[in-house]
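Peer 1: Pasting coords09.cif here (mmCIF, C-alpha atoms and all ligand atoms):
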```cif
data_structure
#
loop_
_atom_site.label_atom_id
_atom_site.label_comp_id
_atom_site.auth_asym_id
_atom_site.auth_seq_id
_atom_site.Cartn_x
_atom_site.Cartn_y
_atom_site.Cartn_z
CA MET A 1 35.40 121.66 -95.85
CA THR A 2 36.69 120.92 -92.32
CA ARG A 3 34.78 122.02 -89.23
CA ASN A 4 36.89 123.41 -86.36
CA LEU A 5 37.80 121.12 -83.51
CA GLN A 6 34.71 120.16 -81.48
CA ARG A 7 35.08 118.91 -77.90
CA TYR A 8 32.86 116.28 -76.26
CA ASP A 9 32.71 114.24 -73.08
CA VAL A 10 31.56 111.13 -74.93
CA VAL A 11 31.40 110.24 -78.61
CA LEU A 12 29.08 107.28 -79.27
CA VAL A 13 29.82 105.49 -82.51
CA GLY A 14 26.83 103.58 -83.95
CA GLY A 15 23.16 104.58 -83.83
CA GLY A 16 21.32 101.28 -83.33
CA VAL A 17 19.27 100.59 -80.20
CA THR A 18 22.40 100.57 -78.03
CA GLY A 19 23.74 103.92 -79.24
CA LEU A 20 20.31 105.55 -79.10
CA MET A 21 19.55 104.22 -75.62
CA ALA A 22 22.99 105.27 -74.33
CA SER A 23 22.59 108.75 -75.88
CA HIS A 24 19.18 109.16 -74.23
CA LYS A 25 20.64 108.28 -70.82
CA LEU A 26 23.99 110.07 -71.02
CA ALA A 27 22.48 113.28 -72.42
CA ARG A 28 20.26 113.49 -69.34
CA LEU A 29 23.40 113.64 -67.15
CA GLY A 30 24.40 116.89 -68.81
CA LEU A 31 27.34 115.38 -70.71
CA ARG A 32 28.48 116.88 -74.00
CA LEU A 33 27.58 114.10 -76.34
CA LEU A 34 27.91 113.22 -80.00
CA LEU A 35 26.23 110.22 -81.64
CA LEU A 36 27.68 109.17 -85.00
CA GLU A 37 25.89 106.86 -87.44
CA LYS A 38 27.57 105.98 -90.71
CA GLN A 39 24.36 105.09 -92.57
CA PRO A 40 21.94 107.77 -93.79
CA THR A 41 19.29 106.46 -91.37
CA LEU A 42 19.56 105.41 -87.74
CA ALA A 43 19.15 101.77 -86.68
CA SER A 44 19.31 100.39 -90.21
CA GLY A 45 20.92 97.10 -89.09
CA PRO A 46 19.85 94.37 -86.64
CA SER A 47 18.01 96.90 -84.46
CA THR A 48 15.19 97.09 -87.03
CA ARG A 49 15.80 93.76 -88.81
CA ASN A 50 14.94 91.84 -85.63
CA GLU A 51 11.72 90.19 -84.49
CA GLY A 52 10.60 93.23 -82.47
CA TRP A 53 9.96 91.01 -79.47
CA LEU A 54 10.23 92.79 -76.17
CA HIS A 55 11.14 89.77 -74.12
CA ARG A 56 10.06 89.31 -70.54
CA GLY A 57 12.24 86.37 -69.61
CA SER A 58 9.85 83.54 -70.55
CA TYR A 59 11.87 82.37 -73.55
CA HIS A 60 15.46 82.80 -72.35
CA ALA A 61 14.79 81.31 -68.90
CA GLY A 62 14.25 78.05 -70.76
CA SER A 63 16.50 78.35 -73.80
CA VAL A 64 19.79 79.23 -72.09
CA LYS A 65 21.31 75.93 -70.93
CA ASP A 66 23.01 76.96 -67.71
CA ARG A 67 20.38 77.66 -65.04
CA GLN A 68 22.19 80.55 -63.35
CA ALA A 69 22.92 82.27 -66.68
CA ALA A 70 19.35 81.69 -67.83
CA VAL A 71 17.88 83.29 -64.73
CA GLN A 72 20.27 86.25 -65.05
CA VAL A 73 19.37 86.83 -68.73
CA ALA A 74 15.66 86.54 -67.86
CA ARG A 75 16.03 89.12 -65.06
CA ARG A 76 17.82 91.55 -67.39
CA CYS A 77 15.08 91.10 -69.94
CA ILE A 78 12.43 91.83 -67.31
CA TYR A 79 14.38 94.94 -66.29
CA GLY A 80 14.64 96.14 -69.91
CA HIS A 81 11.05 95.20 -70.69
CA GLU A 82 9.65 97.24 -67.79
CA GLN A 83 11.84 100.23 -68.62
CA ILE A 84 11.00 100.30 -72.33
CA ARG A 85 7.27 99.87 -71.69
CA ALA A 86 7.32 102.76 -69.22
CA PHE A 87 9.34 104.96 -71.62
CA ALA A 88 7.35 104.24 -74.77
CA PRO A 89 3.96 102.67 -73.92
CA GLU A 90 2.55 103.81 -77.26
CA ALA A 91 5.12 101.64 -79.07
CA VAL A 92 3.77 98.46 -77.46
CA GLU A 93 1.70 96.44 -79.93
CA ASP A 94 -1.25 94.19 -79.01
CA ALA A 95 -0.94 95.07 -75.31
CA ASP A 96 -4.37 93.49 -74.75
CA ARG A 97 -3.45 90.20 -76.46
CA PRO A 98 -0.75 88.45 -74.41
CA PRO A 99 1.31 85.84 -76.23
CA MET A 100 1.25 82.14 -75.48
CA VAL A 101 4.18 79.84 -74.71
CA LEU A 102 4.15 76.23 -75.84
CA VAL A 103 6.26 73.60 -74.08
CA ARG A 104 6.86 70.62 -76.36
CA ASP A 105 9.02 68.37 -74.13
CA ALA A 106 7.14 67.56 -70.92
CA ASP A 107 10.40 66.69 -69.14
CA ARG A 108 11.49 70.36 -69.42
CA LEU A 109 8.42 71.65 -67.65
CA GLN A 110 9.37 71.40 -63.97
CA GLU A 111 12.77 73.02 -64.47
CA LEU A 112 11.32 75.73 -66.72
CA VAL A 113 8.62 76.74 -64.24
CA SER A 114 11.11 76.73 -61.38
CA ARG A 115 13.41 79.05 -63.40
CA TRP A 116 10.47 81.32 -64.22
CA ASP A 117 9.64 81.52 -60.51
CA GLU A 118 13.24 82.32 -59.57
CA ALA A 119 13.59 85.02 -62.24
CA GLY A 120 10.17 86.59 -61.61
CA VAL A 121 8.67 85.71 -65.01
CA SER A 122 4.86 86.17 -65.11
CA TYR A 123 2.95 83.18 -66.46
CA ARG A 124 -0.52 81.62 -66.28
CA PRO A 125 -1.42 78.11 -67.44
CA LEU A 126 -4.01 77.83 -70.21
CA THR A 127 -5.98 74.83 -71.36
CA LYS A 128 -5.48 73.80 -74.97
CA ALA A 129 -9.11 74.70 -75.61
CA GLN A 130 -8.45 78.27 -74.38
CA ALA A 131 -5.29 78.50 -76.47
CA SER A 132 -7.05 77.14 -79.59
CA ALA A 133 -9.81 79.71 -79.21
CA ARG A 134 -7.14 82.43 -79.28
CA PHE A 135 -5.26 81.02 -82.28
CA PRO A 136 -7.57 78.67 -84.20
CA SER A 137 -5.19 77.93 -87.09
CA ALA A 138 -2.35 76.76 -84.80
CA ASP A 139 -1.65 73.07 -84.34
CA LEU A 140 -1.21 72.60 -80.60
CA THR A 141 -1.20 68.80 -80.59
CA ARG A 142 2.60 68.62 -80.11
CA ALA A 143 2.55 70.90 -77.07
CA SER A 144 2.45 69.29 -73.65
CA GLU A 145 1.61 72.57 -71.87
CA VAL A 146 0.48 76.08 -72.82
CA PHE A 147 0.94 79.28 -70.80
CA GLU A 148 0.02 82.91 -71.20
CA VAL A 149 3.00 85.23 -70.61
CA ALA A 150 3.67 88.99 -70.47
CA ASP A 151 6.08 89.42 -73.42
CA VAL A 152 4.94 91.95 -76.05
CA SER A 153 5.72 93.09 -79.58
CA ILE A 154 7.25 96.54 -79.87
CA ASN A 155 7.28 99.02 -82.73
CA THR A 156 11.03 99.53 -82.76
CA ARG A 157 10.88 102.54 -85.10
CA MET A 158 8.66 104.46 -82.68
CA LEU A 159 10.81 103.48 -79.71
CA TYR A 160 13.97 104.66 -81.48
CA ARG A 161 12.33 107.93 -82.56
CA LYS A 162 11.47 108.66 -78.93
CA LEU A 163 14.99 107.81 -77.77
CA LEU A 164 16.43 110.09 -80.46
CA THR A 165 14.13 112.99 -79.52
CA SER A 166 14.94 112.56 -75.84
CA ALA A 167 18.69 112.51 -76.55
CA GLN A 168 18.46 115.65 -78.70
CA GLN A 169 16.33 117.43 -76.11
CA GLY A 170 19.03 116.56 -73.57
CA GLY A 171 21.57 118.33 -75.79
CA ALA A 172 23.09 115.40 -77.70
CA GLU A 173 24.32 116.16 -81.21
CA VAL A 174 23.37 113.42 -83.68
CA LEU A 175 25.02 113.03 -87.08
CA THR A 176 23.93 110.51 -89.69
CA GLY A 177 25.97 109.68 -92.78
CA ALA A 178 28.96 110.26 -90.49
CA ARG A 179 31.85 107.78 -90.68
CA LEU A 180 34.60 107.68 -88.09
CA GLU A 181 37.67 107.74 -90.30
CA HIS A 182 40.61 108.10 -88.00
CA VAL A 183 41.20 107.89 -84.24
CA ARG A 184 44.29 108.76 -82.31
CA GLY A 185 44.09 108.89 -78.51
CA SER A 186 41.36 111.38 -77.68
CA GLU A 187 41.23 112.89 -81.17
CA ALA A 188 39.26 111.72 -84.19
CA THR A 189 38.28 112.64 -87.72
CA VAL A 190 34.77 112.06 -89.04
CA VAL A 191 33.96 112.08 -92.76
CA MET A 192 30.45 113.17 -93.70
CA ALA A 193 28.41 111.89 -96.67
CA ASP A 194 29.06 115.16 -98.56
CA GLY A 195 32.83 114.67 -98.17
CA SER A 196 33.29 117.34 -95.50
CA THR A 197 35.25 116.41 -92.39
CA LEU A 198 34.85 117.07 -88.70
CA GLN A 199 37.80 117.15 -86.29
CA LEU A 200 36.87 116.28 -82.74
CA GLU A 201 38.27 115.53 -79.34
CA SER A 202 36.51 113.44 -76.71
CA ARG A 203 37.28 112.25 -73.20
CA LEU A 204 35.76 108.88 -74.02
CA PHE A 205 34.71 106.98 -77.14
CA VAL A 206 31.97 104.34 -76.87
CA TYR A 207 31.60 101.91 -79.78
CA SER A 208 27.98 100.75 -80.06
CA THR A 209 28.68 99.56 -83.58
CA GLY A 210 27.22 96.06 -83.31
CA PHE A 211 29.04 93.82 -85.78
CA GLY A 212 31.08 96.84 -86.97
CA ALA A 213 33.26 96.84 -83.83
CA ARG A 214 35.75 94.24 -85.06
CA ASP A 215 36.75 96.21 -88.17
CA LEU A 216 37.04 99.49 -86.28
CA PHE A 217 39.37 98.11 -83.60
CA ARG A 218 41.44 96.48 -86.33
CA GLN A 219 41.65 99.71 -88.30
CA PHE A 220 42.33 102.12 -85.44
CA PHE A 221 44.26 100.02 -82.91
CA GLU A 222 45.46 96.94 -84.83
CA LEU A 223 43.60 94.87 -82.25
CA GLU A 224 41.66 91.65 -82.88
CA LEU A 225 38.53 91.71 -80.73
CA PRO A 226 37.28 88.16 -79.96
CA ILE A 227 34.02 88.83 -81.77
CA ARG A 228 31.94 86.14 -83.50
CA TYR A 229 29.08 86.47 -85.98
CA TRP A 230 25.94 84.32 -85.87
CA LYS A 231 23.44 84.42 -88.69
CA SER A 232 19.72 83.89 -87.97
CA HIS A 233 16.63 84.02 -90.17
CA LEU A 234 13.13 85.38 -89.88
CA VAL A 235 10.13 85.07 -92.15
CA VAL A 236 7.67 87.95 -92.49
CA VAL A 237 4.20 86.77 -93.50
CA PRO A 238 0.68 88.27 -93.55
CA ARG A 239 -0.69 88.02 -90.01
CA LEU A 240 -1.43 84.45 -88.97
CA GLY A 241 -3.23 84.90 -85.66
CA GLY A 242 -4.38 87.16 -82.85
CA HIS A 243 -1.80 86.34 -80.17
CA GLY A 244 1.95 85.81 -80.30
CA LEU A 245 2.82 82.11 -80.09
CA PHE A 246 6.17 80.54 -79.41
CA TYR A 247 7.79 77.34 -78.29
CA VAL A 248 10.60 77.39 -75.73
CA ASP A 249 12.06 74.16 -77.17
CA PRO A 250 14.98 74.19 -79.64
CA HIS A 251 14.36 74.14 -83.42
CA GLU A 252 10.73 75.17 -83.07
CA ALA A 253 9.08 78.39 -84.27
CA ALA A 254 8.55 81.61 -82.34
CA MET A 255 6.04 84.13 -83.70
CA MET A 256 5.27 87.73 -82.78
CA HIS A 257 2.98 90.10 -84.69
CA HIS A 258 3.39 93.66 -85.94
CA GLY A 259 0.17 95.14 -87.28
CA ASP A 260 -0.88 93.18 -90.36
CA TYR A 261 2.22 90.96 -90.31
CA SER A 262 3.64 88.10 -88.31
CA VAL A 263 7.40 87.79 -87.88
CA VAL A 264 8.59 84.29 -87.16
CA GLY A 265 12.00 83.01 -86.05
CA LEU A 266 13.46 79.58 -85.38
CA ASN A 267 14.71 78.85 -81.85
CA GLU A 268 18.48 78.39 -81.75
CA ASP A 269 18.96 79.19 -85.42
CA ALA A 270 22.51 80.51 -85.17
CA LEU A 271 24.97 79.80 -87.99
CA LEU A 272 28.56 80.78 -87.18
CA CYS A 273 29.84 83.01 -90.02
CA ALA A 274 33.26 84.43 -90.86
CA ASN A 275 31.77 87.78 -91.82
CA PRO A 276 28.44 89.50 -91.18
CA ASP A 277 25.97 89.96 -94.03
CA TYR A 278 22.24 89.89 -94.76
CA LEU A 279 22.25 87.08 -97.35
CA VAL A 280 19.57 84.44 -96.81
CA VAL A 281 20.90 80.87 -96.53
CA PRO A 282 18.15 78.88 -98.33
CA GLU A 283 18.51 75.65 -96.28
CA ARG A 284 18.25 77.65 -93.06
CA ALA A 285 15.20 79.52 -94.30
CA ASP A 286 13.65 76.14 -95.23
CA ASN A 287 14.23 74.84 -91.69
CA LEU A 288 12.31 77.82 -90.40
CA HIS A 289 9.50 77.29 -92.94
CA ARG A 290 9.18 73.66 -91.81
CA ALA A 291 9.02 74.66 -88.13
CA LEU A 292 6.32 77.20 -88.96
CA GLU A 293 4.42 74.56 -90.94
CA ARG A 294 4.40 72.37 -87.79
CA LEU A 295 2.97 75.29 -85.79
CA VAL A 296 0.55 76.77 -88.33
CA PRO A 297 -0.14 74.21 -91.09
CA GLY A 298 -0.79 75.85 -94.45
CA TRP A 299 0.76 79.18 -93.39
CA LYS A 300 1.99 79.79 -96.96
CA ASN A 301 -1.64 80.21 -98.05
CA ALA A 302 -1.74 83.49 -96.08
CA GLY A 303 0.01 85.24 -98.97
CA THR A 304 3.40 86.46 -100.12
CA TYR A 305 6.11 86.08 -97.51
CA SER A 306 9.62 87.42 -97.23
CA ASP A 307 12.73 85.77 -95.76
CA VAL A 308 15.11 87.96 -93.80
CA ALA A 309 18.62 87.13 -92.60
CA CYS A 310 20.49 89.07 -89.97
CA THR A 311 23.57 88.69 -87.80
CA LYS A 312 23.96 88.59 -84.05
CA VAL A 313 27.34 89.16 -82.50
CA ASP A 314 29.01 87.99 -79.29
CA PHE A 315 32.33 88.18 -77.48
CA ALA A 316 34.01 84.78 -77.25
CA PRO A 317 36.59 84.26 -74.50
CA ASP A 318 37.87 81.37 -76.64
CA ALA A 319 36.91 79.83 -79.98
CA THR A 320 35.10 76.86 -78.41
CA SER A 321 32.98 78.77 -75.88
CA ALA A 322 29.19 78.55 -76.21
CA ARG A 323 27.31 81.37 -77.96
CA SER A 324 26.75 84.12 -75.44
CA LEU A 325 23.49 86.01 -75.09
CA ASN A 326 25.06 88.26 -72.49
CA ILE A 327 25.69 91.97 -72.44
CA ALA A 328 29.34 92.98 -72.87
CA ILE A 329 31.33 96.08 -71.89
CA HIS A 330 35.02 95.98 -72.85
CA GLU A 331 37.68 98.66 -72.78
CA PRO A 332 40.54 97.06 -74.71
CA VAL A 333 42.17 100.48 -75.24
CA PRO A 334 41.97 103.08 -72.43
CA GLY A 335 39.23 105.57 -73.26
CA HIS A 336 37.75 103.36 -76.02
CA ILE A 337 34.88 101.19 -74.82
CA CYS A 338 33.04 98.58 -76.89
CA ILE A 339 29.48 97.60 -75.84
CA LEU A 340 27.10 94.84 -76.96
CA PRO A 341 23.57 94.34 -75.61
CA GLY A 342 23.05 90.61 -76.35
CA LYS A 343 19.42 91.44 -77.13
CA MET A 344 17.56 94.67 -77.86
CA THR A 345 15.57 94.03 -74.67
CA GLU A 346 18.79 94.11 -72.65
CA ALA A 347 19.85 97.53 -73.95
CA PRO A 348 18.39 99.37 -70.91
CA PHE A 349 20.35 97.18 -68.49
CA LEU A 350 23.55 97.50 -70.50
CA THR A 351 23.30 101.26 -70.89
CA ASP A 352 22.42 101.80 -67.22
CA VAL A 353 25.58 99.91 -66.18
CA LEU A 354 27.56 101.91 -68.75
CA THR A 355 26.06 105.24 -67.65
CA ALA A 356 26.91 104.57 -64.00
CA ARG A 357 30.50 103.73 -64.93
CA LEU A 358 30.93 106.76 -67.16
CA TYR A 359 29.42 109.06 -64.55
CA GLU A 360 32.09 107.98 -62.07
CA ARG A 361 34.75 108.98 -64.62
CA LEU A 362 33.18 112.14 -66.00
CA GLU A 363 31.23 113.78 -63.16
CA ASP A 364 31.93 117.49 -62.83
CA GLY A 365 32.05 117.92 -59.04
CA LEU A 366 28.79 119.87 -58.80
CA ILE A 367 27.19 117.20 -56.61
CA ALA A 368 28.74 116.54 -53.18
CA LYS A 369 30.57 113.28 -52.65
CA ARG A 370 28.99 110.60 -50.42
CA PRO A 371 31.04 109.14 -47.54
CA CYS A 372 31.63 105.98 -49.60
CA ASP A 373 33.01 108.14 -52.46
CA VAL A 374 35.37 109.89 -50.01
CA LEU A 375 36.55 106.54 -48.64
CA HIS A 376 36.98 105.18 -52.16
CA ALA A 377 39.04 108.23 -53.21
CA SER A 378 41.29 107.96 -50.17
CA LEU A 379 41.82 104.19 -50.65
CA ALA A 380 42.61 104.77 -54.32
CA SER A 381 45.13 107.45 -53.41
CA VAL A 382 46.82 105.13 -50.85
CA ALA A 383 46.98 102.39 -53.52
CA ARG A 384 48.52 104.83 -56.03
CA GLU A 385 51.18 105.94 -53.53
CA ALA A 386 52.02 102.31 -52.69
CA HIS A 387 52.30 101.56 -56.40
CA HIS A 388 54.69 104.51 -56.96
CA ALA A 389 56.78 103.58 -53.91
CA ALA A 390 57.19 99.96 -55.12
C1 LIG B 401 17.41 87.79 -86.60
C2 LIG B 401 17.50 88.52 -85.29
C3 LIG B 401 16.35 88.67 -84.50
C4 LIG B 401 16.43 89.32 -83.27
N1 LIG B 401 15.28 89.48 -82.56
C5 LIG B 401 15.32 90.15 -81.39
C6 LIG B 401 14.12 90.39 -80.68
O1 LIG B 401 13.03 90.10 -81.15
N2 LIG B 401 14.20 90.98 -79.46
C7 LIG B 401 15.40 91.38 -78.92
O2 LIG B 401 15.41 91.87 -77.79
N3 LIG B 401 16.56 91.22 -79.62
C8 LIG B 401 16.55 90.64 -80.84
N4 LIG B 401 17.69 90.48 -81.58
C9 LIG B 401 18.93 91.07 -81.09
C10 LIG B 401 18.97 92.59 -81.34
O3 LIG B 401 18.45 92.89 -82.61
C11 LIG B 401 20.40 93.13 -81.22
O4 LIG B 401 20.93 92.74 -79.98
C12 LIG B 401 20.43 94.65 -81.25
O5 LIG B 401 19.72 95.15 -82.36
C13 LIG B 401 21.87 95.15 -81.33
O6 LIG B 401 21.81 96.55 -81.35
P1 LIG B 401 23.12 97.44 -81.49
O7 LIG B 401 22.67 98.86 -81.44
O8 LIG B 401 24.13 97.01 -80.49
O9 LIG B 401 23.73 97.07 -82.90
P2 LIG B 401 23.20 97.41 -84.38
O10 LIG B 401 21.75 97.33 -84.49
O11 LIG B 401 24.04 96.53 -85.26
O12 LIG B 401 23.61 98.91 -84.59
C14 LIG B 401 24.95 99.30 -84.81
C15 LIG B 401 24.94 100.59 -85.58
O13 LIG B 401 26.28 101.03 -85.71
C16 LIG B 401 26.45 101.55 -87.01
N5 LIG B 401 27.88 101.53 -87.31
C17 LIG B 401 28.65 100.44 -87.53
N6 LIG B 401 29.91 100.82 -87.77
C18 LIG B 401 29.95 102.19 -87.70
C19 LIG B 401 30.95 103.19 -87.86
N7 LIG B 401 32.18 102.86 -88.18
N8 LIG B 401 30.63 104.50 -87.71
C20 LIG B 401 29.36 104.86 -87.40
N9 LIG B 401 28.34 103.96 -87.27
C21 LIG B 401 28.65 102.64 -87.40
C22 LIG B 401 25.62 100.64 -87.88
O14 LIG B 401 25.34 101.24 -89.13
C23 LIG B 401 24.40 100.42 -87.01
O15 LIG B 401 23.40 101.39 -87.24
C24 LIG B 401 17.66 89.85 -82.82
C25 LIG B 401 18.80 89.73 -83.61
C26 LIG B 401 18.72 89.10 -84.84
C27 LIG B 401 19.94 89.00 -85.68
#
```
Show this structure as structure tokens.
Peer 2:
Amino acid sequence: MTRNLQRYDVVLVGGGVTGLMASHKLARLGLRLLLLEKQPTLASGPSTRNEGWLHRGSYHAGSVKDRQAAVQVARRCIYGHEQIRAFAPEAVEDADRPPMVLVRDADRLQELVSRWDEAGVSYRPLTKAQASARFPSADLTRASEVFEVADVSINTRMLYRKLLTSAQQGGAEVLTGARLEHVRGSEATVVMADGSTLQLESRLFVYSTGFGARDLFRQFFELELPIRYWKSHLVVVPRLGGHGLFYVDPHEAAMMHHGDYSVVGLNEDALLCANPDYLVVPERADNLHRALERLVPGWKNAGTYSDVACTKVDFAPDATSARSLNIAIHEPVPGHICILPGKMTEAPFLTDVLTARLYERLEDGLIAKRPCDVLHASLASVAREAHHAA
């Protein structure tokens, strides 16, 4: 069965955190919106397979090499952190148990604290005795300094449910089990899980498809997006302590908790892969286990654990460029925009920038123009005339 042609202002393809956050924001601007997710459930990829760490700049201010980039990433994380906490306070876990940062290499300390100050990261020094009291089974002997910070764990499922409800209340249509099959200009065909098809037309298409973007642009536009895949691992283990605990130094463990479980990652565990998948690479998982053993000796005694692999994605200006943790908005084909958040925590920043840009293109004239809009329109018209005359 084919449904008659449906018309939208924006079709968002991909219902992970980025697509859900963008739907929530765009729907509130009164745009006719459709969110398509090919899986039967929303956010079934990296958006729920991640560590559920709502960053607040403390980690990335230190881990990103370039100081300016590090401060920028930290500020975007603070922006996203504050926005998500205000939107879904009930999804914040252990709000009364702030995590602790460990600094292994003393020579990093001065630069780290100065970056924290510049970015506006909240931190408070702790003595090792205070830190040990909060996490008795942790081995803190390798840490030169310990701080309390304002990062939190977030229940991503609850956050996404609220974003979905808000988008639907704002009028967004949401279809799961809906695969974008064919795109031509402003028209597209969607195939549903039951085999029925939907013909649609949209002024803009936004691809929030995470690592799916490369295949879609290949299929629809014969374009190679400069996208790279980086595999990382996590281990899920029965809860190991009261407070989150993470190093800022490379190749050390970072642990956040969700209810009865701890989820632990390895700093800078990023294996460049030709294709994205969820297969665990045993040597990489072992590296993580060893880092966790250094942090919480005997952690395996806590009970059965589970290794998880997942893929991050970035845009690479060239093959040799460093892995980027930045947000990305690209429009390689007019009217078809690809977006990547870097991190879940940066999704609010990314989608606010996107929403502002789309509003400029899609606004319906019901709100009066400001003097700067009038000037902009007249300068654009002069530029167009000059272009035609040339
Ligand atoms: C191991 C790991 C740990 C991480 N930990 C954290 C963390 O603790 N904190 C943090 O802030 N960030 C973290 N991140 C990063 C974060 O998870 C990602 O940046 C974020 O989830 C990306 O969201 P997304 O919506 O852009 O993409 P995705 O989550 O990949 O969602 C894309 C969606 O698009 C759908 N899709 C794909 N193709 C199509 C199509 N053709 N039609 C329709 N739908 C389609 C997919 O099914 C999927 O649901 C982590 C990442 C990894 C890999």
Peer 1: Residues up to 7 Å from ligand LIG 401 (chain B), counting all atoms listed in the file: could you list those as a PyMOL selection string?
Peer 2: chain A and resi 13-19+36-39+42-55+178-180+208-213+216+231-234+309-312+340-346
Peer 1: Sort by chain and increasing residue number a table of all residues of region 202-278 of chain A within 12 Å of region 317-324 of chain A, each with its closest pair of atoms and their distance in Å to one decimal, counting only C-alpha atoms, and write it as JSON lines.
Peer 2:
```
{"residue": "A:Leu225", "atom": "CA", "partner": "A:Pro317", "partner_atom": "CA", "distance": 9.9}
{"residue": "A:Pro226", "atom": "CA", "partner": "A:Pro317", "partner_atom": "CA", "distance": 6.7}
{"residue": "A:Ile227", "atom": "CA", "partner": "A:Pro317", "partner_atom": "CA", "distance": 9.0}
{"residue": "A:Arg228", "atom": "CA", "partner": "A:Arg323", "partner_atom": "CA", "distance": 8.7}
{"residue": "A:Tyr229", "atom": "CA", "partner": "A:Arg323", "partner_atom": "CA", "distance": 9.7}
{"residue": "A:Trp230", "atom": "CA", "partner": "A:Arg323", "partner_atom": "CA", "distance": 8.6}
{"residue": "A:Lys231", "atom": "CA", "partner": "A:Arg323", "partner_atom": "CA", "distance": 11.8}
{"residue": "A:Glu268", "atom": "CA", "partner": "A:Arg323", "partner_atom": "CA", "distance": 10.1}
{"residue": "A:Asp269", "atom": "CA", "partner": "A:Arg323", "partner_atom": "CA", "distance": 11.4}
{"residue": "A:Ala270", "atom": "CA", "partner": "A:Arg323", "partner_atom": "CA", "distance": 8.7}
{"residue": "A:Leu271", "atom": "CA", "partner": "A:Arg323", "partner_atom": "CA", "distance": 10.4}
{"residue": "A:Leu272", "atom": "CA", "partner": "A:Arg323", "partner_atom": "CA", "distance": 9.3}
```
Peer 1: Can you pull out every residue within 9 Å of Ser196 (chain A), counting all atoms listed in the file, but drop anything in the same chain fewer than 3 positions away, and send it as a VMD selection string?
Peer 2: chain A and resid 1 to 3 190 to 193
Peer 1: Please produce a file of those selected residues containing C-alpha atoms, as a short mmCIF file (atom, residue, chain, number, x, y, z; two decimals), in the coordinates of the input.
Peer 2:
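As written to disk, out.cif reads:
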```cif
data_model
loop_
_atom_site.label_atom_id
_atom_site.label_comp_id
_atom_site.auth_asym_id
_atom_site.auth_seq_id
_atom_site.Cartn_x
_atom_site.Cartn_y
_atom_site.Cartn_z
CA MET A 1 35.40 121.66 -95.85
CA THR A 2 36.69 120.92 -92.32
CA ARG A 3 34.78 122.02 -89.23
CA VAL A 190 34.77 112.06 -89.04
CA VAL A 191 33.96 112.08 -92.76
CA MET A 192 30.45 113.17 -93.70
CA ALA A 193 28.41 111.89 -96.67
#
```
Peer 1: Hey, which of A:His388, A:His330, A:His243, A:Arg357 ends up closest to Ser132 (chain A)? Count all atoms listed in the file.
Peer 2: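 Of A:His388, A:His330, A:His243, A:Arg357, the one nearest Ser132 (chain A) is A:His243, counting all atoms listed in the file.
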Peer 1: To one decimal place in Å, what is the distance between CA of Leu175 (chain A) and CA of Asn4 (chain A)?
Peer 2: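 Atom-to-atom, CA of Leu175 (chain A) to CA of Asn4 (chain A), that is 15.8 Å.
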Peer 1: Taking (2.4, 68.9, -70.5) in the file's coordinates as the center, which residues reach within 12 Å of it, counting only C-alpha atoms, put as a compact mmCIF listing (two decimals) with C-alpha atoms, keeping the file's coordinate frame?
Peer 2:
```
# COMPACT_ATOMS: atom_id res chain seq x y z
CA VAL A 101 4.18 79.84 -74.71
CA LEU A 102 4.15 76.23 -75.84
CA VAL A 103 6.26 73.60 -74.08
CA ARG A 104 6.86 70.62 -76.36
CA ASP A 105 9.02 68.37 -74.13
CA ALA A 106 7.14 67.56 -70.92
CA ASP A 107 10.40 66.69 -69.14
CA ARG A 108 11.49 70.36 -69.42
CA LEU A 109 8.42 71.65 -67.65
CA GLN A 110 9.37 71.40 -63.97
CA LEU A 112 11.32 75.73 -66.72
CA VAL A 113 8.62 76.74 -64.24
CA PRO A 125 -1.42 78.11 -67.44
CA LEU A 126 -4.01 77.83 -70.21
CA THR A 127 -5.98 74.83 -71.36
CA LYS A 128 -5.48 73.80 -74.97
CA LEU A 140 -1.21 72.60 -80.60
CA THR A 141 -1.20 68.80 -80.59
CA ARG A 142 2.60 68.62 -80.11
CA ALA A 143 2.55 70.90 -77.07
CA SER A 144 2.45 69.29 -73.65
CA GLU A 145 1.61 72.57 -71.87
CA VAL A 146 0.48 76.08 -72.82
CA PHE A 147 0.94 79.28 -70.80
```
Peer 1: Distance CA of Leu26 (chain A)-CA of Ala150 (chain A), one decimal place?
Peer 2: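 Distance between the two atoms: 29.3 Å.
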Peer 1: Between CA of Tyr79 (chain A) and CA of Gly57 (chain A), what is the distance, to one decimal in Å?
Peer 2: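 Answer for the CA of Tyr79 (chain A) to CA of Gly57 (chain A) separation: 9.4 Å.
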Peer 1: Please identify all polymer residues lying at most 7 Å from the point (37.3, 104.5, -73.2) (file coordinates), using only C-alpha atoms, and present the result as a short mmCIF file (atom, residue, chain, number, x, y, z; two decimals) with C-alpha atoms, in the coordinates of the input.
Peer 2:
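The resulting selection_16.cif:
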```cif
data_model
loop_
_atom_site.label_atom_id
_atom_site.label_comp_id
_atom_site.auth_asym_id
_atom_site.auth_seq_id
_atom_site.Cartn_x
_atom_site.Cartn_y
_atom_site.Cartn_z
CA LEU A 204 35.76 108.88 -74.02
CA PHE A 205 34.71 106.98 -77.14
CA VAL A 206 31.97 104.34 -76.87
CA GLU A 331 37.68 98.66 -72.78
CA VAL A 333 42.17 100.48 -75.24
CA PRO A 334 41.97 103.08 -72.43
CA GLY A 335 39.23 105.57 -73.26
CA HIS A 336 37.75 103.36 -76.02
CA ILE A 337 34.88 101.19 -74.82
#
```
Peer 1: So which residues touch His182 (chain A) within 9 Å, counting only C-alpha atoms, skipping near sequence neighbours fewer than 4 positions away, as a short mmCIF file (atom, residue, chain, number, x, y, z; two decimals) with C-alpha atoms, keeping the file's coordinate frame?
Peer 2:
```cif
data_model
loop_
_atom_site.label_atom_id
_atom_site.label_comp_id
_atom_site.auth_asym_id
_atom_site.auth_seq_id
_atom_site.Cartn_x
_atom_site.Cartn_y
_atom_site.Cartn_z
CA GLU A 187 41.23 112.89 -81.17
CA ALA A 188 39.26 111.72 -84.19
CA THR A 189 38.28 112.64 -87.72
CA VAL A 190 34.77 112.06 -89.04
CA GLN A 219 41.65 99.71 -88.30
CA PHE A 220 42.33 102.12 -85.44
#
```
